[in-house]
Amino acid sequence: MPHDAHELSLSEVSVGLRELAFNEHTLHALQQKFSDVRPLLDAHLVGRVGRLDRGWSTILMSAAGEQVRTRNIGADVAVGDWVVLSEDLERVEVVVARQSSLTRRVSSDVVRAESHTVAANMDTVLVVQAADVEPNLRRIERELVLGFDSGATPVVVFNKCDELSESDIAKMMHNVQPVIAGVDAYAVSAKTGFGLDHLRNYTYKYESETPQTIAMLGASGVGKSTLINSLVGHEVQRTGEVREGDSRGRHTTTASELVQLANGGWLLDTPGLRVVSLWMSSNGIERAFADVFEASNNCKFRDCKHENEPSCGVHAAVANGEFTADRVANMKTLVAEEVTLENQQIEYARTQDKRGVRKTTSN
Ligand SMILES: Nc1nc2c(ncn2[C@@H]2O[C@H](COP(=O)(O)OP(=O)(O)OP(=O)(O)O)[C@@H](O)[C@H]2O)c(=O)[nH]1
Ligand SMILES: [Mg+2]
Ligand SMILES: [Zn+2]
């Protein structure tokens with residue numbers, strides 16, 4: 001006897017949708033929302049947001065190129081989202097609960113603690129840095145927190161390795177070890193193609209023939225769009241020179257977009273983060289600083305702040321050379337930011353409630 005007459009398996013979902021990287025998670029989320037998903041699929045009302053333009057969303061209905069354009073009214077959609085359209089294909093009716101999402105703060109404005117999702121439903125987030133013998137460990141820690149918080153698996157990528165000697169690349173990979181425990185890291189060059197095969201492995205799961213969705217996270221100018229062009233094999237994304245002097249990027253990419261690779265995988269280009277500011281941390285800090293959290297189990301006091309308390313496991317670990325005091329200080333900064341932001345969000349929600357404005361959520 002079937003467990004549930006309406007329960008679908010992934011193999012019953014059209015090839016067109018599965019090629020868009022429709023996966024078990026999406027199917028499950030849809031089935032949580034609708035008692036019977038089959039009619040929606042049969043009527044071709046399910047699609048994936050491929051890009052957003054001012055006021056309009058382009059919804060991919062199959063990997064073969066079928067598209068629908070809808071007006072962005074009401075629904076809060078992000079590129080990569082799975083959506084259910086109205087029967088006349090005019091509107092997004094439902095945004096399917098996200099498997100993962102990259103969310104950043106819109107502004108550092110204290111009053112408006114608002115967020116913006118730049119990428120949704122990715123399996124992997126490439127945390128992209130420009131190669132440097134002395135990598136910016138504090139920046140990588142911060143971006144790893146965002147990567148973990150997204151719900152996807154972060155992978156650290158050092159691009160522009162053509163600018164370093166082989167021995168400097170080895171030094172860089174050695175220097176970054178203390179902050180990337182358990183996270184894959186690769187030295188690559190979008191310019192020469194060096195190391196890109198490592199990244200291709202994340203774009204498609206060959207054993208199960210399932211395309212994956214990969215998003216890029218990183219400062220303007222690190223080469224996210226150039227990496228996408230190299231992985232695709234021809235120019236699909238516009239790129240921009242970094243500024244002379246400080247090597248900062250010019251924010252060339254201004255909107256997210258889903259781009260398909262020849263192997264069937266999907267890449268999500270995102271704009272460089274102006275301020276890498278944290279948003280609604282889940283367990284990102286615990287995961288990015290797993291070693292520090294582990295050491296804090298040895299603190300005498302449960303609420304130890306690792307300041308001047310006696311018998312502090314974190315201080316002991318620093319003294320043992322397990323990790324640096326700078327790493328601990330950065331973790332504290334990130335925790336403090338998160339607390340501040342949470343308080344701002346609570347305050348913001350309260351003022352909105354007072355005005356009788358309630359945010360509607362899609363799931
Ligand atoms: N030498 C070298 N330069 C690179 C490499 N990848 C990118 N660049 C250069 O770095 C600059 C910035 O590249 P983009 O791809 O536009 O950077 P981005 O991360 O997409 O930047 P935003 O869209 O502004 O966020 C361009 O001048 C690229 O040619 C690389 O592997 N080696
Ligand atoms: Mg770009
Ligand atoms: Zn402690």
# chains A, B, ... in the order shown; residues from 1 in each chain; ligands from 1
call {"tool": "residues_near_ligand", "arguments": {"ligand": "ligand 2", "cutoff": "6 Å", "atoms": "only C-alpha atoms and all ligand atoms", "output": "list in words"}}
result
Lys224, Ser225, Thr239, Thr252, Thr253 and Pro271 of chain A
call {"tool": "write_last_selection", "arguments": {"atoms": "C-alpha atoms", "output": "PDB file, in the first residue's frame"}}
result
ATOM      1  CA  LYS A 224      33.755  36.029  -9.300  1.00  0.00           C
ATOM      2  CA  SER A 225      32.388  36.869 -12.744  1.00  0.00           C
ATOM      3  CA  THR A 239      33.814  41.789 -15.659  1.00  0.00           C
ATOM      4  CA  THR A 252      30.687  45.475 -11.958  1.00  0.00           C
ATOM      5  CA  THR A 253      28.048  42.859 -11.232  1.00  0.00           C
ATOM      6  CA  PRO A 271      27.390  41.341  -6.749  1.00  0.00           C
TER       7      PRO A 271
END
call {"tool": "residues_around", "arguments": {"residues": "Met172 of chain A", "least_positions_apart": "5", "cutoff": "8 Å", "atoms": "only C-alpha atoms", "output": "mmCIF file with N, CA and C atoms, in the first residue's frame"}}
result
data_model
loop_
_atom_site.group_PDB
_atom_site.id
_atom_site.type_symbol
_atom_site.label_atom_id
_atom_site.label_comp_id
_atom_site.auth_asym_id
_atom_site.auth_seq_id
_atom_site.Cartn_x
_atom_site.Cartn_y
_atom_site.Cartn_z
ATOM 1 N N ALA A 131 44.197 35.836 -4.415
ATOM 2 C CA ALA A 131 45.355 35.174 -3.810
ATOM 3 C C ALA A 131 46.318 36.187 -3.204
ATOM 4 N N ASP A 132 46.884 35.829 -2.069
ATOM 5 C CA ASP A 132 47.833 36.683 -1.360
ATOM 6 C C ASP A 132 48.642 35.763 -0.443
ATOM 7 N N VAL A 133 49.960 35.944 -0.429
ATOM 8 C CA VAL A 133 50.776 35.073 0.445
ATOM 9 C C VAL A 133 50.298 35.170 1.888
ATOM 10 N N GLU A 134 49.920 36.385 2.279
ATOM 11 C CA GLU A 134 49.391 36.597 3.627
ATOM 12 C C GLU A 134 47.891 36.831 3.509
ATOM 13 N N PRO A 135 47.110 35.764 3.421
ATOM 14 C CA PRO A 135 45.665 35.980 3.226
ATOM 15 C C PRO A 135 45.055 36.703 4.417
#
call {"tool": "closest_residue", "arguments": {"among": "A:Phe148, A:Phe158, A:Trp82, A:Phe34", "to": "Arg287 of chain A", "atoms": "only C-alpha atoms"}}
result
A:Phe148
call {"tool": "closest_residue", "arguments": {"among": "A:Ala329, A:Val83, A:Cys299, A:Ala78", "to": "ligand 3", "atoms": "only C-alpha atoms and all ligand atoms"}}
result
A:Cys299
call {"tool": "residues_near_ligand", "arguments": {"ligand": "ligand 1", "cutoff": "10 Å", "atoms": "only C-alpha atoms and all ligand atoms", "output": "PyMOL selection string"}}
result
chain A and resi 128-131+158-164+187-194+216-230+237-243+247-256+269-274
call {"tool": "select_by_dssp", "arguments": {"residues": "segment 220-273 of chain A", "states": "strand (DSSP E or B)", "output": "list in words"}}
result
Glu257, Leu258, Val259, Gln260, Trp266, Leu267, Leu268 and Asp269 of chain A
